[in-house]
>>> print(open('run33.pdb').read())   # PDB, C-alpha atoms, pLDDT in the B column
ATOM      1  CA  MET P   1     138.093 110.624  75.260  1.00 48.00           C
ATOM      2  CA  THR P   2     135.170 112.900  74.370  1.00 49.00           C
ATOM      3  CA  ASP P   3     132.764 109.980  74.569  1.00 55.00           C
ATOM      4  CA  ILE P   4     133.994 109.057  78.042  1.00 57.00           C
ATOM      5  CA  PHE P   5     133.490 112.551  79.487  1.00 52.00           C
ATOM      6  CA  GLY P   6     130.448 113.493  77.402  1.00 53.00           C
ATOM      7  CA  ILE P   7     126.983 113.757  78.903  1.00 54.00           C
ATOM      8  CA  ASP P   8     126.260 110.190  77.760  1.00 60.00           C
ATOM      9  CA  GLY P   9     129.744 108.931  78.582  1.00 61.00           C
ATOM     10  CA  ARG P  10     130.731 106.402  81.232  1.00 77.00           C
ATOM     11  CA  PHE P  11     132.232 109.005  83.550  1.00 79.00           C
ATOM     12  CA  PHE P  12     129.072 111.118  83.621  1.00 79.00           C
ATOM     13  CA  ARG P  13     126.911 108.037  84.175  1.00 81.00           C
ATOM     14  CA  PHE P  14     129.195 106.946  87.012  1.00 85.00           C
ATOM     15  CA  VAL P  15     129.048 110.355  88.719  1.00 88.00           C
ATOM     16  CA  THR P  16     125.256 110.435  88.309  1.00 88.00           C
ATOM     17  CA  LYS P  17     124.950 106.955  89.811  1.00 89.00           C
ATOM     18  CA  VAL P  18     127.125 107.838  92.799  1.00 92.00           C
ATOM     19  CA  SER P  19     125.230 111.095  93.336  1.00 93.00           C
ATOM     20  CA  ASN P  20     121.933 109.208  93.282  1.00 93.00           C
ATOM     21  CA  LEU P  21     123.260 106.697  95.805  1.00 94.00           C
ATOM     22  CA  ILE P  22     124.356 109.507  98.130  1.00 95.00           C
ATOM     23  CA  LEU P  23     120.908 111.094  97.844  1.00 95.00           C
ATOM     24  CA  LEU P  24     119.290 107.708  98.468  1.00 95.00           C
ATOM     25  CA  ASN P  25     121.472 107.161 101.528  1.00 96.00           C
ATOM     26  CA  ILE P  26     120.457 110.553 102.932  1.00 96.00           C
ATOM     27  CA  LEU P  27     116.798 109.645 102.430  1.00 96.00           C
ATOM     28  CA  TRP P  28     117.353 106.323 104.208  1.00 96.00           C
ATOM     29  CA  ILE P  29     118.923 108.086 107.206  1.00 95.00           C
ATOM     30  CA  ILE P  30     116.163 110.705 107.431  1.00 95.00           C
ATOM     31  CA  PHE P  31     113.314 108.194 107.110  1.00 96.00           C
ATOM     32  CA  SER P  32     115.000 105.835 109.606  1.00 95.00           C
ATOM     33  CA  ILE P  33     115.211 108.454 112.372  1.00 93.00           C
ATOM     34  CA  PRO P  34     111.989 107.271 114.084  1.00 91.00           C
ATOM     35  CA  ILE P  35     113.818 103.869 114.387  1.00 92.00           C
ATOM     36  CA  ILE P  36     110.584 101.936 113.971  1.00 94.00           C
ATOM     37  CA  THR P  37     110.583 102.894 110.277  1.00 96.00           C
ATOM     38  CA  VAL P  38     114.034 101.460 109.476  1.00 95.00           C
ATOM     39  CA  GLY P  39     112.467  98.407 107.841  1.00 95.00           C
ATOM     40  CA  ALA P  40     110.221 100.449 105.571  1.00 96.00           C
ATOM     41  CA  ALA P  41     113.092 102.795 104.678  1.00 96.00           C
ATOM     42  CA  THR P  42     115.354  99.839 103.860  1.00 96.00           C
ATOM     43  CA  SER P  43     112.667  98.325 101.633  1.00 96.00           C
ATOM     44  CA  ALA P  44     112.348 101.664  99.846  1.00 96.00           C
ATOM     45  CA  VAL P  45     116.120 101.792  99.291  1.00 96.00           C
ATOM     46  CA  TYR P  46     116.052  98.346  97.708  1.00 96.00           C
ATOM     47  CA  TYR P  47     113.069  99.295  95.582  1.00 95.00           C
ATOM     48  CA  VAL P  48     115.140 102.113  94.067  1.00 95.00           C
ATOM     49  CA  THR P  49     118.472 100.259  93.810  1.00 95.00           C
ATOM     50  CA  ILE P  50     116.875  97.278  92.072  1.00 93.00           C
ATOM     51  CA  LYS P  51     115.570  99.751  89.481  1.00 92.00           C
ATOM     52  CA  MET P  52     118.954 101.519  89.363  1.00 91.00           C
ATOM     53  CA  VAL P  53     120.651  98.264  88.391  1.00 91.00           C
ATOM     54  CA  LYS P  54     118.316  98.155  85.374  1.00 87.00           C
ATOM     55  CA  ASN P  55     118.701 101.925  84.785  1.00 84.00           C
ATOM     56  CA  GLU P  56     114.991 102.435  85.460  1.00 79.00           C
ATOM     57  CA  GLU P  57     115.178 104.459  88.670  1.00 76.00           C
ATOM     58  CA  GLY P  58     113.517 107.666  87.418  1.00 79.00           C
ATOM     59  CA  TYR P  59     113.193 110.353  90.105  1.00 88.00           C
ATOM     60  CA  ILE P  60     114.990 109.084  93.227  1.00 93.00           C
ATOM     61  CA  ILE P  61     113.021 111.031  95.845  1.00 93.00           C
ATOM     62  CA  LYS P  62     109.643 110.288  94.268  1.00 94.00           C
ATOM     63  CA  SER P  63     110.415 106.572  93.870  1.00 94.00           C
ATOM     64  CA  PHE P  64     111.762 106.269  97.401  1.00 96.00           C
ATOM     65  CA  CYS P  65     108.817 108.059  99.035  1.00 96.00           C
ATOM     66  CA  SER P  66     106.292 106.063  97.037  1.00 95.00           C
ATOM     67  CA  ALA P  67     107.894 102.748  98.033  1.00 95.00           C
ATOM     68  CA  PHE P  68     108.217 103.890 101.644  1.00 96.00           C
ATOM     69  CA  ARG P  69     104.504 104.661 101.908  1.00 95.00           C
ATOM     70  CA  GLU P  70     103.520 101.430 100.176  1.00 94.00           C
ATOM     71  CA  ASN P  71     105.659  99.210 102.426  1.00 93.00           C
ATOM     72  CA  LEU P  72     105.363 101.181 105.675  1.00 94.00           C
ATOM     73  CA  LYS P  73     102.988  98.836 107.513  1.00 93.00           C
ATOM     74  CA  GLN P  74     104.671  95.592 106.496  1.00 93.00           C
ATOM     75  CA  GLY P  75     108.110  97.123 107.008  1.00 93.00           C
ATOM     76  CA  ILE P  76     107.299  98.073 110.597  1.00 95.00           C
ATOM     77  CA  ILE P  77     105.835  94.646 111.387  1.00 94.00           C
ATOM     78  CA  LEU P  78     108.806  92.827 109.845  1.00 94.00           C
ATOM     79  CA  GLU P  79     111.251  95.058 111.679  1.00 94.00           C
ATOM     80  CA  LEU P  80     109.601  94.296 115.016  1.00 95.00           C
ATOM     81  CA  VAL P  81     109.465  90.557 114.302  1.00 95.00           C
ATOM     82  CA  LEU P  82     113.091  90.447 113.175  1.00 95.00           C
ATOM     83  CA  LEU P  83     114.319  92.603 116.048  1.00 95.00           C
ATOM     84  CA  THR P  84     112.500  90.481 118.609  1.00 96.00           C
ATOM     85  CA  SER P  85     113.760  87.250 117.048  1.00 95.00           C
ATOM     86  CA  GLY P  86     117.333  88.526 116.938  1.00 94.00           C
ATOM     87  CA  VAL P  87     117.275  89.628 120.576  1.00 96.00           C
ATOM     88  CA  ILE P  88     115.853  86.264 121.658  1.00 96.00           C
ATOM     89  CA  LEU P  89     118.464  84.293 119.701  1.00 95.00           C
ATOM     90  CA  VAL P  90     121.383  86.348 121.024  1.00 95.00           C
ATOM     91  CA  GLY P  91     119.967  86.236 124.545  1.00 96.00           C
ATOM     92  CA  ASP P  92     119.585  82.444 124.427  1.00 95.00           C
ATOM     93  CA  ILE P  93     123.133  81.987 123.163  1.00 95.00           C
ATOM     94  CA  ARG P  94     124.527  84.151 125.950  1.00 94.00           C
ATOM     95  CA  TYR P  95     122.389  82.364 128.551  1.00 95.00           C
ATOM     96  CA  PHE P  96     123.507  78.872 127.562  1.00 94.00           C
ATOM     97  CA  LEU P  97     127.153  79.900 127.254  1.00 92.00           C
ATOM     98  CA  PHE P  98     126.922  81.347 130.762  1.00 92.00           C
ATOM     99  CA  MET P  99     125.942  77.880 132.040  1.00 90.00           C
ATOM    100  CA  SER P 100     129.506  76.729 131.227  1.00 85.00           C
ATOM    101  CA  ASN P 101     128.633  73.052 130.902  1.00 91.00           C
ATOM    102  CA  THR P 102     128.148  70.508 128.125  1.00 91.00           C
ATOM    103  CA  VAL P 103     124.377  70.943 127.915  1.00 92.00           C
ATOM    104  CA  GLY P 104     124.778  74.714 127.758  1.00 91.00           C
ATOM    105  CA  TYR P 105     127.370  74.508 124.979  1.00 93.00           C
ATOM    106  CA  ILE P 106     125.161  72.144 122.941  1.00 94.00           C
ATOM    107  CA  PHE P 107     122.159  74.463 123.153  1.00 95.00           C
ATOM    108  CA  ALA P 108     124.394  77.492 122.485  1.00 94.00           C
ATOM    109  CA  ALA P 109     125.596  75.765 119.304  1.00 95.00           C
ATOM    110  CA  ILE P 110     122.004  75.013 118.252  1.00 95.00           C
ATOM    111  CA  PHE P 111     120.910  78.611 118.750  1.00 95.00           C
ATOM    112  CA  SER P 112     124.079  79.807 116.976  1.00 95.00           C
ATOM    113  CA  ILE P 113     123.001  77.838 113.920  1.00 95.00           C
ATOM    114  CA  GLY P 114     119.608  79.498 114.248  1.00 95.00           C
ATOM    115  CA  LEU P 115     121.283  82.913 114.427  1.00 94.00           C
ATOM    116  CA  THR P 116     123.306  82.137 111.295  1.00 94.00           C
ATOM    117  CA  ILE P 117     120.140  81.221 109.391  1.00 94.00           C
ATOM    118  CA  TYR P 118     118.537  84.396 110.756  1.00 95.00           C
ATOM    119  CA  VAL P 119     121.369  86.625 109.490  1.00 93.00           C
ATOM    120  CA  LEU P 120     121.445  85.004 106.043  1.00 94.00           C
ATOM    121  CA  ALA P 121     117.657  85.301 105.667  1.00 94.00           C
ATOM    122  CA  LEU P 122     117.724  88.895 106.932  1.00 94.00           C
ATOM    123  CA  ILE P 123     119.703  89.897 103.841  1.00 94.00           C
ATOM    124  CA  TYR P 124     116.774  88.930 101.591  1.00 95.00           C
ATOM    125  CA  VAL P 125     113.767  90.067 103.632  1.00 96.00           C
ATOM    126  CA  PHE P 126     113.616  93.735 102.656  1.00 95.00           C
ATOM    127  CA  PRO P 127     114.609  93.245  98.998  1.00 95.00           C
ATOM    128  CA  LEU P 128     111.722  90.756  98.782  1.00 95.00           C
ATOM    129  CA  VAL P 129     109.352  93.294 100.344  1.00 94.00           C
ATOM    130  CA  ALA P 130     110.528  95.835  97.777  1.00 92.00           C
ATOM    131  CA  LYS P 131     110.069  93.470  94.852  1.00 90.00           C
ATOM    132  CA  TYR P 132     106.930  91.450  95.685  1.00 90.00           C
ATOM    133  CA  ASN P 133     103.588  91.758  97.420  1.00 89.00           C
ATOM    134  CA  ASN P 134     103.434  88.853  99.851  1.00 90.00           C
ATOM    135  CA  THR P 135     102.312  87.896 103.334  1.00 91.00           C
ATOM    136  CA  LEU P 136     104.606  88.230 106.344  1.00 91.00           C
ATOM    137  CA  SER P 137     105.084  84.472 106.622  1.00 93.00           C
ATOM    138  CA  GLY P 138     105.528  84.149 102.861  1.00 94.00           C
ATOM    139  CA  THR P 139     108.236  86.800 102.817  1.00 94.00           C
ATOM    140  CA  LEU P 140     110.137  85.206 105.697  1.00 94.00           C
ATOM    141  CA  LYS P 141     109.818  81.740 104.143  1.00 95.00           C
ATOM    142  CA  ASN P 142     111.088  82.947 100.765  1.00 94.00           C
ATOM    143  CA  ALA P 143     113.970  84.806 102.444  1.00 95.00           C
ATOM    144  CA  VAL P 144     115.151  81.578 104.110  1.00 95.00           C
ATOM    145  CA  ILE P 145     114.761  79.577 100.885  1.00 94.00           C
ATOM    146  CA  MET P 146     116.653  82.126  98.792  1.00 94.00           C
ATOM    147  CA  SER P 147     119.433  82.474 101.363  1.00 94.00           C
ATOM    148  CA  PHE P 148     120.203  78.756 101.030  1.00 94.00           C
ATOM    149  CA  LYS P 149     119.514  78.567  97.297  1.00 93.00           C
ATOM    150  CA  HIS P 150     122.169  81.237  96.736  1.00 93.00           C
ATOM    151  CA  LEU P 151     124.350  80.353  99.726  1.00 94.00           C
ATOM    152  CA  PRO P 152     127.755  81.581  98.427  1.00 94.00           C
ATOM    153  CA  SER P 153     126.293  84.994  97.588  1.00 93.00           C
ATOM    154  CA  SER P 154     124.388  85.056 100.886  1.00 94.00           C
ATOM    155  CA  ILE P 155     127.578  84.422 102.842  1.00 94.00           C
ATOM    156  CA  SER P 156     129.459  87.055 100.816  1.00 93.00           C
ATOM    157  CA  LEU P 157     126.772  89.676 101.489  1.00 94.00           C
ATOM    158  CA  ALA P 158     126.672  88.746 105.185  1.00 92.00           C
ATOM    159  CA  VAL P 159     130.461  89.040 105.482  1.00 92.00           C
ATOM    160  CA  LEU P 160     130.433  92.380 103.641  1.00 92.00           C
ATOM    161  CA  LEU P 161     127.744  93.683 105.987  1.00 90.00           C
ATOM    162  CA  ILE P 162     129.714  92.578 109.054  1.00 90.00           C
ATOM    163  CA  ILE P 163     132.898  94.183 107.691  1.00 90.00           C
ATOM    164  CA  MET P 164     131.054  97.438 107.039  1.00 89.00           C
ATOM    165  CA  LEU P 165     129.538  97.499 110.516  1.00 87.00           C
ATOM    166  CA  TYR P 166     132.927  96.716 112.083  1.00 88.00           C
ATOM    167  CA  GLY P 167     134.631  99.374 109.947  1.00 86.00           C
ATOM    168  CA  PHE P 168     131.982 101.893 110.964  1.00 84.00           C
ATOM    169  CA  TYR P 169     132.768 101.091 114.597  1.00 83.00           C
ATOM    170  CA  ILE P 170     136.581 101.206 114.489  1.00 88.00           C
ATOM    171  CA  SER P 171     137.364 103.955 111.962  1.00 85.00           C
ATOM    172  CA  VAL P 172     136.208 107.566 111.854  1.00 84.00           C
ATOM    173  CA  HIS P 173     137.064 107.789 108.159  1.00 85.00           C
ATOM    174  CA  LEU P 174     135.036 104.692 107.315  1.00 83.00           C
ATOM    175  CA  MET P 175     132.249 105.986 109.544  1.00 85.00           C
ATOM    176  CA  ILE P 176     132.066 109.137 107.440  1.00 87.00           C
ATOM    177  CA  ILE P 177     132.158 107.213 104.146  1.00 86.00           C
ATOM    178  CA  PHE P 178     129.498 104.744 105.223  1.00 85.00           C
ATOM    179  CA  SER P 179     127.345 107.549 106.605  1.00 88.00           C
ATOM    180  CA  VAL P 180     127.450 109.228 103.196  1.00 90.00           C
ATOM    181  CA  ILE P 181     126.828 106.214 100.958  1.00 90.00           C
ATOM    182  CA  GLY P 182     127.082 103.000 103.004  1.00 90.00           C
ATOM    183  CA  ALA P 183     123.483 101.750 103.199  1.00 93.00           C
ATOM    184  CA  ALA P 184     122.602 102.672  99.623  1.00 94.00           C
ATOM    185  CA  GLY P 185     125.935 101.397  98.303  1.00 93.00           C
ATOM    186  CA  TYR P 186     125.452  98.042 100.032  1.00 95.00           C
ATOM    187  CA  ALA P 187     121.878  97.813  98.726  1.00 95.00           C
ATOM    188  CA  TYR P 188     123.038  98.608  95.187  1.00 95.00           C
ATOM    189  CA  PHE P 189     125.731  95.946  95.309  1.00 93.00           C
ATOM    190  CA  GLY P 190     123.216  93.443  96.645  1.00 93.00           C
ATOM    191  CA  SER P 191     120.670  94.459  94.016  1.00 93.00           C
ATOM    192  CA  ILE P 192     123.086  93.481  91.249  1.00 91.00           C
ATOM    193  CA  LEU P 193     122.851  89.927  92.581  1.00 90.00           C
ATOM    194  CA  PHE P 194     119.169  90.093  93.536  1.00 90.00           C
ATOM    195  CA  ARG P 195     118.177  91.118  90.028  1.00 83.00           C
ATOM    196  CA  SER P 196     119.395  87.831  88.579  1.00 81.00           C
ATOM    197  CA  PHE P 197     118.045  85.865  91.557  1.00 83.00           C
ATOM    198  CA  PHE P 198     114.568  87.317  91.211  1.00 79.00           C
ATOM    199  CA  GLU P 199     114.462  86.921  87.454  1.00 73.00           C
ATOM    200  CA  ASN P 200     115.509  83.265  87.687  1.00 66.00           C
ATOM    201  CA  LYS P 201     113.744  82.224  90.860  1.00 55.00           C
TER     202      LYS P 201
END
>>> encode(input="run33.pdb", output="structure tokens")
Amino acid sequence: MTDIFGIDGRFFRFVTKVSNLILLNILWIIFSIPIITVGAATSAVYYVTIKMVKNEEGYIIKSFCSAFRENLKQGIILELVLLTSGVILVGDIRYFLFMSNTVGYIFAAIFSIGLTIYVLALIYVFPLVAKYNNTLSGTLKNAVIMSFKHLPSSISLAVLLIIMLYGFYISVHLMIIFSVIGAAGYAYFGSILFRSFFENK
């Protein structure tokens, strides 16, 4: 019992981890306020959570800010590319569905497949930015490859993200919880998987 609640016990480590995730989530919210910096802030979150999984996080604020500065330019560019691509895909799907004919439904299905690939790859983009120095095209290519290489995990992470976003929308209680720890908690859970993916890629 003493070992569990001692300063080196599991309970203390758990509380410390949760506290760090809450702090990390607050940093993500603050650094995402300009909107255009969401990508860089998300990369910085993954940089820290990947280290947290290995218990190498060090000082949370210092690590986050350092990663944010390092990935700011690429994070902004990726965010704009991904946002534009997502809007185009959704817009095309809606346009072809609005046609209400066979040709429209076929093209809507094709673009829906494209949107599915987009969502699965999106899960890996910012963790890859956090972990590796690569070109824009290289990062996007690797994100697509990894999303299919680890398809079951990719689908699980995509479903979890959708559930969290839906819960945030329909429930005030879940909105509060996710606002406190949601982004960092999701990144930490994903980083548990990403650690093994990256080490065995």
>>> resolve_selection(input="run33.pdb", expression="the PyMOL selection byres ((chain P and resi 64) around 8)", output="list in words")
Leu24, Leu27, Ala44, Val45, Tyr47, Val48, Ile60, Ile61, Lys62, Ser63, Cys65, Ser66, Ala67 and Phe68 of chain P
>>> write_last_selection(input="run33.pdb", atoms="C-alpha atoms", output="compact mmCIF listing (two decimals), keeping the file's coordinate frame")
# COMPACT_ATOMS: atom_id res chain seq x y z
CA LEU P 24 119.29 107.71 98.47
CA LEU P 27 116.80 109.64 102.43
CA ALA P 44 112.35 101.66 99.85
CA VAL P 45 116.12 101.79 99.29
CA TYR P 47 113.07 99.30 95.58
CA VAL P 48 115.14 102.11 94.07
CA ILE P 60 114.99 109.08 93.23
CA ILE P 61 113.02 111.03 95.84
CA LYS P 62 109.64 110.29 94.27
CA SER P 63 110.42 106.57 93.87
CA CYS P 65 108.82 108.06 99.04
CA SER P 66 106.29 106.06 97.04
CA ALA P 67 107.89 102.75 98.03
CA PHE P 68 108.22 103.89 101.64
>>> residues_around(input="run33.pdb", residues="Arg94 (chain P)", least_positions_apart="2", cutoff="12 Å", atoms="all atoms listed in the file", output="number ranges by chain")
P: 87-92, 96-100, 104-105, 107-109, 111-112
>>> residues_around(input="run33.pdb", residues="region 7-23 of chain P", least_positions_apart="4", cutoff="7 Å", atoms="only C-alpha atoms", output="list in words")
Asp3, Leu27, Ile60, Val180, Ile181, Ala184 and Gly185 of chain P
>>> residues_around(input="run33.pdb", residues="Leu165 (chain P)", least_positions_apart="4", cutoff="9 Å", atoms="all atoms listed in the file", output="PDB file with C-alpha atoms, in the coordinates of the input")
ATOM      1  CA  LEU P 160     130.433  92.380 103.641  1.00 92.00           C
ATOM      2  CA  LEU P 161     127.744  93.683 105.987  1.00 90.00           C
ATOM      3  CA  TYR P 169     132.768 101.091 114.597  1.00 83.00           C
ATOM      4  CA  ILE P 170     136.581 101.206 114.489  1.00 88.00           C
ATOM      5  CA  MET P 175     132.249 105.986 109.544  1.00 85.00           C
ATOM      6  CA  PHE P 178     129.498 104.744 105.223  1.00 85.00           C
TER       7      PHE P 178
END
>>> atom_distance(input="run33.pdb", atom1="CA of Pro152 (chain P)", atom2="CA of Ile50 (chain P)")
20.1 Å
>>> resolve_selection(input="run33.pdb", expression="the PyMOL selection byres ((chain P and resi 46) around 12)", output="ChimeraX atom specification")
/P:21,24-25,28,39-45,47-53,57,60,63-64,67-68,71,123-132,183-195
>>> write_last_selection(input="run33.pdb", atoms="C-alpha atoms", output="short mmCIF file (atom, residue, chain, number, x, y, z; two decimals), in the frame of the given file")
data_model
loop_
_atom_site.label_atom_id
_atom_site.label_comp_id
_atom_site.auth_asym_id
_atom_site.auth_seq_id
_atom_site.Cartn_x
_atom_site.Cartn_y
_atom_site.Cartn_z
CA LEU P 21 123.26 106.70 95.80
CA LEU P 24 119.29 107.71 98.47
CA ASN P 25 121.47 107.16 101.53
CA TRP P 28 117.35 106.32 104.21
CA GLY P 39 112.47 98.41 107.84
CA ALA P 40 110.22 100.45 105.57
CA ALA P 41 113.09 102.80 104.68
CA THR P 42 115.35 99.84 103.86
CA SER P 43 112.67 98.32 101.63
CA ALA P 44 112.35 101.66 99.85
CA VAL P 45 116.12 101.79 99.29
CA TYR P 47 113.07 99.30 95.58
CA VAL P 48 115.14 102.11 94.07
CA THR P 49 118.47 100.26 93.81
CA ILE P 50 116.88 97.28 92.07
CA LYS P 51 115.57 99.75 89.48
CA MET P 52 118.95 101.52 89.36
CA VAL P 53 120.65 98.26 88.39
CA GLU P 57 115.18 104.46 88.67
CA ILE P 60 114.99 109.08 93.23
CA SER P 63 110.42 106.57 93.87
CA PHE P 64 111.76 106.27 97.40
CA ALA P 67 107.89 102.75 98.03
CA PHE P 68 108.22 103.89 101.64
CA ASN P 71 105.66 99.21 102.43
CA ILE P 123 119.70 89.90 103.84
CA TYR P 124 116.77 88.93 101.59
CA VAL P 125 113.77 90.07 103.63
CA PHE P 126 113.62 93.74 102.66
CA PRO P 127 114.61 93.24 99.00
CA LEU P 128 111.72 90.76 98.78
CA VAL P 129 109.35 93.29 100.34
CA ALA P 130 110.53 95.84 97.78
CA LYS P 131 110.07 93.47 94.85
CA TYR P 132 106.93 91.45 95.68
CA ALA P 183 123.48 101.75 103.20
CA ALA P 184 122.60 102.67 99.62
CA GLY P 185 125.94 101.40 98.30
CA TYR P 186 125.45 98.04 100.03
CA ALA P 187 121.88 97.81 98.73
CA TYR P 188 123.04 98.61 95.19
CA PHE P 189 125.73 95.95 95.31
CA GLY P 190 123.22 93.44 96.64
CA SER P 191 120.67 94.46 94.02
CA ILE P 192 123.09 93.48 91.25
CA LEU P 193 122.85 89.93 92.58
CA PHE P 194 119.17 90.09 93.54
CA ARG P 195 118.18 91.12 90.03
#
>>> atom_distance(input="run33.pdb", atom1="CA of Lys54 (chain P)", atom2="CA of Glu199 (chain P)")
12.1 Å
>>> axis_aligned_box(input="run33.pdb", around="region 111-120 of chain P", padding_each_side="6 Å", output="lines of an AutoDock Vina configuration file")
center_x = 121.3
center_y = 82.2
center_z = 112.4
size_x = 17.5
size_y = 20.8
size_z = 24.7
>>> atom_distance(input="run33.pdb", atom1="CA of Thr139 (chain P)", atom2="CA of Val159 (chain P)")
22.5 Å
>>> resolve_selection(input="run33.pdb", expression="the PyMOL selection byres ((chain P and resi 120-122) around 9)", output="list in words")
Leu82, Leu115, Thr116, Ile117, Tyr118, Val119, Ile123, Tyr124, Val125, Phe126, Leu140, Lys141, Asn142, Ala143, Val144, Ile145, Met146, Ser147, Phe148, Leu151, Ser154, Ile155, Leu157 and Ala158 of chain P
>>> closest_residue(input="run33.pdb", among="P:Val38, P:Val103, P:Ile113, P:Ile177", to="Leu78 (chain P)", atoms="only C-alpha atoms")
P:Val38
>>> closest_residue(input="run33.pdb", among="P:Ser156, P:Gln74, P:Ser179, P:Ser196", to="Ser137 (chain P)", atoms="all atoms listed in the file")
P:Gln74
